[in-house]
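Structure data follow from final_29.cif (mmCIF, N, CA and C atoms):
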data_target
#
loop_
_atom_site.group_PDB
_atom_site.id
_atom_site.type_symbol
_atom_site.label_atom_id
_atom_site.label_comp_id
_atom_site.auth_asym_id
_atom_site.auth_seq_id
_atom_site.Cartn_x
_atom_site.Cartn_y
_atom_site.Cartn_z
ATOM 1 N N MET V 7 6.890 18.271 -18.583
ATOM 2 C CA MET V 7 6.713 16.832 -18.615
ATOM 3 C C MET V 7 5.419 16.479 -17.869
ATOM 4 N N ASN V 8 4.628 15.619 -18.444
ATOM 5 C CA ASN V 8 3.362 15.211 -17.862
ATOM 6 C C ASN V 8 3.572 13.991 -16.966
ATOM 7 N N PHE V 9 3.274 14.154 -15.678
ATOM 8 C CA PHE V 9 3.470 13.085 -14.707
ATOM 9 C C PHE V 9 2.213 12.264 -14.466
ATOM 10 N N LEU V 10 1.123 12.596 -15.109
ATOM 11 C CA LEU V 10 -0.133 11.901 -14.870
ATOM 12 C C LEU V 10 -0.038 10.390 -15.118
ATOM 13 N N PRO V 11 0.566 9.927 -16.219
ATOM 14 C CA PRO V 11 0.676 8.462 -16.403
ATOM 15 C C PRO V 11 1.497 7.782 -15.310
ATOM 16 N N ILE V 12 2.536 8.446 -14.840
ATOM 17 C CA ILE V 12 3.366 7.871 -13.775
ATOM 18 C C ILE V 12 2.579 7.802 -12.473
ATOM 19 N N ILE V 13 1.801 8.839 -12.183
ATOM 20 C CA ILE V 13 0.994 8.853 -10.969
ATOM 21 C C ILE V 13 -0.067 7.758 -11.019
ATOM 22 N N ILE V 14 -0.714 7.607 -12.163
ATOM 23 C CA ILE V 14 -1.732 6.566 -12.316
ATOM 24 C C ILE V 14 -1.117 5.180 -12.169
ATOM 25 N N LEU V 15 0.019 4.943 -12.792
ATOM 26 C CA LEU V 15 0.707 3.654 -12.684
ATOM 27 C C LEU V 15 1.111 3.374 -11.243
ATOM 28 N N SER V 16 1.619 4.374 -10.550
ATOM 29 C CA SER V 16 2.007 4.200 -9.149
ATOM 30 C C SER V 16 0.797 3.866 -8.287
ATOM 31 N N GLY V 17 -0.317 4.524 -8.545
ATOM 32 C CA GLY V 17 -1.536 4.233 -7.801
ATOM 33 C C GLY V 17 -2.014 2.817 -8.035
ATOM 34 N N ILE V 18 -1.959 2.365 -9.274
ATOM 35 C CA ILE V 18 -2.381 0.994 -9.596
ATOM 36 C C ILE V 18 -1.486 -0.024 -8.898
ATOM 37 N N ILE V 19 -0.184 0.223 -8.888
ATOM 38 C CA ILE V 19 0.751 -0.686 -8.218
ATOM 39 C C ILE V 19 0.483 -0.726 -6.728
ATOM 40 N N CYS V 20 0.233 0.426 -6.116
ATOM 41 C CA CYS V 20 -0.051 0.474 -4.676
ATOM 42 C C CYS V 20 -1.342 -0.249 -4.338
ATOM 43 N N ILE V 21 -2.368 -0.055 -5.141
ATOM 44 C CA ILE V 21 -3.640 -0.734 -4.893
ATOM 45 C C ILE V 21 -3.480 -2.243 -5.052
ATOM 46 N N PHE V 22 -2.747 -2.686 -6.074
ATOM 47 C CA PHE V 22 -2.493 -4.113 -6.264
ATOM 48 C C PHE V 22 -1.729 -4.684 -5.070
ATOM 49 N N ALA V 23 -0.729 -3.955 -4.570
ATOM 50 C CA ALA V 23 0.052 -4.426 -3.422
ATOM 51 C C ALA V 23 -0.820 -4.523 -2.175
ATOM 52 N N LEU V 24 -1.715 -3.569 -1.996
ATOM 53 C CA LEU V 24 -2.614 -3.602 -0.848
ATOM 54 C C LEU V 24 -3.548 -4.803 -0.920
ATOM 55 N N ILE V 25 -4.125 -5.048 -2.085
ATOM 56 C CA ILE V 25 -5.023 -6.191 -2.259
ATOM 57 C C ILE V 25 -4.277 -7.503 -2.053
ATOM 58 N N ALA V 26 -3.061 -7.612 -2.603
ATOM 59 C CA ALA V 26 -2.273 -8.831 -2.436
ATOM 60 C C ALA V 26 -1.951 -9.075 -0.963
ATOM 61 N N THR V 27 -1.625 -8.015 -0.233
ATOM 62 C CA THR V 27 -1.322 -8.153 1.189
ATOM 63 C C THR V 27 -2.537 -8.643 1.958
ATOM 64 N N ILE V 28 -3.699 -8.096 1.656
ATOM 65 C CA ILE V 28 -4.919 -8.515 2.351
ATOM 66 C C ILE V 28 -5.245 -9.967 2.033
ATOM 67 N N VAL V 29 -5.123 -10.369 0.772
ATOM 68 C CA VAL V 29 -5.415 -11.754 0.382
ATOM 69 C C VAL V 29 -4.456 -12.718 1.078
ATOM 70 N N ILE V 30 -3.193 -12.374 1.137
ATOM 71 C CA ILE V 30 -2.224 -13.238 1.815
ATOM 72 C C ILE V 30 -2.536 -13.302 3.307
ATOM 73 N N GLY V 31 -2.959 -12.182 3.880
ATOM 74 C CA GLY V 31 -3.305 -12.162 5.300
ATOM 75 C C GLY V 31 -4.529 -13.005 5.613
ATOM 76 N N ILE V 32 -5.467 -13.074 4.674
ATOM 77 C CA ILE V 32 -6.682 -13.854 4.897
ATOM 78 C C ILE V 32 -6.434 -15.343 4.679
ATOM 79 N N ASN V 33 -5.656 -15.693 3.678
ATOM 80 C CA ASN V 33 -5.392 -17.097 3.340
ATOM 81 C C ASN V 33 -3.892 -17.396 3.363
ATOM 82 N N PRO V 34 -3.289 -17.442 4.544
ATOM 83 C CA PRO V 34 -1.845 -17.712 4.599
ATOM 84 C C PRO V 34 -1.531 -19.163 4.251
ATOM 85 N N ASN V 35 -0.369 -19.379 3.655
ATOM 86 C CA ASN V 35 0.075 -20.729 3.306
ATOM 87 C C ASN V 35 0.971 -21.342 4.375
ATOM 88 N N ASP V 36 1.535 -20.515 5.217
ATOM 89 C CA ASP V 36 2.459 -20.977 6.245
ATOM 90 C C ASP V 36 1.701 -21.320 7.528
ATOM 91 N N GLU V 37 1.983 -22.479 8.116
ATOM 92 C CA GLU V 37 1.300 -22.890 9.328
ATOM 93 C C GLU V 37 1.677 -22.001 10.514
ATOM 94 N N ASN V 38 2.876 -21.447 10.524
ATOM 95 C CA ASN V 38 3.343 -20.595 11.618
ATOM 96 C C ASN V 38 2.951 -19.132 11.418
ATOM 97 N N TYR V 39 2.212 -18.852 10.390
ATOM 98 C CA TYR V 39 1.869 -17.466 10.066
ATOM 99 C C TYR V 39 1.032 -16.821 11.163
ATOM 100 N N VAL V 40 0.170 -17.589 11.789
ATOM 101 C CA VAL V 40 -0.726 -17.044 12.812
ATOM 102 C C VAL V 40 0.064 -16.504 14.002
ATOM 103 N N LYS V 41 1.186 -17.112 14.309
ATOM 104 C CA LYS V 41 1.993 -16.694 15.458
ATOM 105 C C LYS V 41 2.582 -15.299 15.274
ATOM 106 N N THR V 42 2.921 -14.948 14.045
ATOM 107 C CA THR V 42 3.577 -13.664 13.807
ATOM 108 C C THR V 42 2.691 -12.686 13.034
ATOM 109 N N THR V 43 1.431 -13.007 12.889
ATOM 110 C CA THR V 43 0.535 -12.172 12.090
ATOM 111 C C THR V 43 0.390 -10.771 12.657
ATOM 112 N N LYS V 44 0.216 -10.668 13.961
ATOM 113 C CA LYS V 44 -0.035 -9.365 14.562
ATOM 114 C C LYS V 44 1.114 -8.395 14.294
ATOM 115 N N SER V 45 2.340 -8.804 14.521
ATOM 116 C CA SER V 45 3.476 -7.901 14.307
ATOM 117 C C SER V 45 3.650 -7.574 12.829
ATOM 118 N N ARG V 46 3.405 -8.539 11.966
ATOM 119 C CA ARG V 46 3.528 -8.283 10.532
ATOM 120 C C ARG V 46 2.447 -7.333 10.043
ATOM 121 N N MET V 47 1.220 -7.521 10.517
ATOM 122 C CA MET V 47 0.131 -6.647 10.081
ATOM 123 C C MET V 47 0.340 -5.221 10.584
ATOM 124 N N ILE V 48 0.850 -5.080 11.800
ATOM 125 C CA ILE V 48 1.142 -3.742 12.310
ATOM 126 C C ILE V 48 2.210 -3.078 11.459
ATOM 127 N N LEU V 49 3.256 -3.808 11.129
ATOM 128 C CA LEU V 49 4.319 -3.258 10.290
ATOM 129 C C LEU V 49 3.795 -2.888 8.905
ATOM 130 N N LEU V 50 3.017 -3.751 8.289
ATOM 131 C CA LEU V 50 2.467 -3.454 6.969
ATOM 132 C C LEU V 50 1.516 -2.267 7.007
ATOM 133 N N THR V 51 0.725 -2.169 8.065
ATOM 134 C CA THR V 51 -0.188 -1.034 8.196
ATOM 135 C C THR V 51 0.591 0.270 8.305
ATOM 136 N N VAL V 52 1.639 0.271 9.087
ATOM 137 C CA VAL V 52 2.473 1.469 9.217
ATOM 138 C C VAL V 52 3.111 1.831 7.881
ATOM 139 N N ILE V 53 3.591 0.836 7.162
ATOM 140 C CA ILE V 53 4.199 1.098 5.851
ATOM 141 C C ILE V 53 3.182 1.712 4.905
ATOM 142 N N TYR V 54 1.976 1.164 4.868
ATOM 143 C CA TYR V 54 0.949 1.718 3.986
ATOM 144 C C TYR V 54 0.556 3.133 4.393
ATOM 145 N N ILE V 55 0.436 3.398 5.685
ATOM 146 C CA ILE V 55 0.092 4.747 6.129
ATOM 147 C C ILE V 55 1.193 5.727 5.761
ATOM 148 N N VAL V 56 2.442 5.329 5.973
ATOM 149 C CA VAL V 56 3.568 6.208 5.679
ATOM 150 C C VAL V 56 3.689 6.473 4.181
ATOM 151 N N THR V 57 3.274 5.546 3.340
ATOM 152 C CA THR V 57 3.399 5.766 1.898
ATOM 153 C C THR V 57 2.148 6.361 1.264
ATOM 154 N N PHE V 58 0.966 5.902 1.677
ATOM 155 C CA PHE V 58 -0.254 6.365 1.021
ATOM 156 C C PHE V 58 -0.613 7.803 1.373
ATOM 157 N N ILE V 59 -0.504 8.178 2.644
ATOM 158 C CA ILE V 59 -0.913 9.517 3.042
ATOM 159 C C ILE V 59 -0.054 10.583 2.357
ATOM 160 N N PRO V 60 1.278 10.490 2.382
ATOM 161 C CA PRO V 60 2.056 11.489 1.638
ATOM 162 C C PRO V 60 1.788 11.441 0.121
ATOM 163 N N ALA V 61 1.564 10.244 -0.416
ATOM 164 C CA ALA V 61 1.290 10.144 -1.854
ATOM 165 C C ALA V 61 -0.004 10.869 -2.202
ATOM 166 N N ILE V 62 -1.014 10.716 -1.385
ATOM 167 C CA ILE V 62 -2.288 11.406 -1.636
ATOM 168 C C ILE V 62 -2.103 12.910 -1.486
ATOM 169 N N ILE V 63 -1.399 13.335 -0.443
ATOM 170 C CA ILE V 63 -1.167 14.766 -0.233
ATOM 171 C C ILE V 63 -0.380 15.362 -1.395
ATOM 172 N N PHE V 64 0.694 14.711 -1.802
ATOM 173 C CA PHE V 64 1.506 15.235 -2.904
ATOM 174 C C PHE V 64 0.726 15.252 -4.210
ATOM 175 N N THR V 65 -0.113 14.250 -4.428
ATOM 176 C CA THR V 65 -0.931 14.228 -5.631
ATOM 177 C C THR V 65 -1.917 15.382 -5.630
ATOM 178 N N LEU V 66 -2.562 15.618 -4.508
ATOM 179 C CA LEU V 66 -3.498 16.745 -4.423
ATOM 180 C C LEU V 66 -2.774 18.082 -4.602
ATOM 181 N N VAL V 67 -1.608 18.217 -3.975
ATOM 182 C CA VAL V 67 -0.839 19.444 -4.135
ATOM 183 C C VAL V 67 -0.434 19.627 -5.593
ATOM 184 N N TYR V 68 -0.038 18.573 -6.238
ATOM 185 C CA TYR V 68 0.373 18.648 -7.651
ATOM 186 C C TYR V 68 -0.780 19.136 -8.536
ATOM 187 N N PHE V 69 -1.970 18.601 -8.303
ATOM 188 C CA PHE V 69 -3.084 18.958 -9.165
ATOM 189 C C PHE V 69 -3.710 20.308 -8.797
ATOM 190 N N VAL V 70 -3.613 20.719 -7.540
ATOM 191 C CA VAL V 70 -4.212 21.994 -7.122
ATOM 192 C C VAL V 70 -3.311 23.159 -7.504
ATOM 193 N N TRP V 71 -1.990 23.032 -7.281
ATOM 194 C CA TRP V 71 -1.098 24.120 -7.620
ATOM 195 C C TRP V 71 -0.457 23.850 -8.917
#
Would you mind writing the file out in C-alpha cells?
Amino acid sequence: MNFLPIIILSGIICIFALIATIVIGINPNDENYVKTTKSRMILLTVIYIVTFIPAIIFTLVYFVW
C-alpha cells in the first residue's frame, strides 16, 4: 500500500493548522486573549513540537528504509 498521498495530506493539514494558529495569535478576536496568550502559546508550541518532530523522523525513516 502506498502511503505517500496520506503523508502529503497530513503534512498539508499540519501546515494549515500551524498557519491558522499563527494568524489567530496575531489577530485575536477576544479582548481577554492577551491575558492568557503566553500559556496558550506555550501549550501550542509544545503540541507542535511533539507532533512535528516525530512526524518528520518517521517520514524520513519511511523513505530511507
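Put simply, atom CA of V:Thr27 is 10.1 Å away from atom CA of V:Thr51.
Picture a line from atom C of V:Thr57 to atom N of V:Ile12; it runs 16.2 Å.
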Practice item. Would you please give, as number ranges by chain, all residues of chain V that DSSP assigns to helix (DSSP H, G or I) based on the backbone? Key: V: 10-32, 39-70
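The two atoms in question, atom CA of V:Leu15 and atom CA of V:Ile32, are spaced 25.9 Å apart.
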Review point. Quick one: residues within 12 Å of V:Gly17, only C-alpha atoms counted, chain neighbours fewer than 3 positions away excluded, as a ChimeraX atom specification?
Key: /V:10-14,20-24,57-58,61-62,65
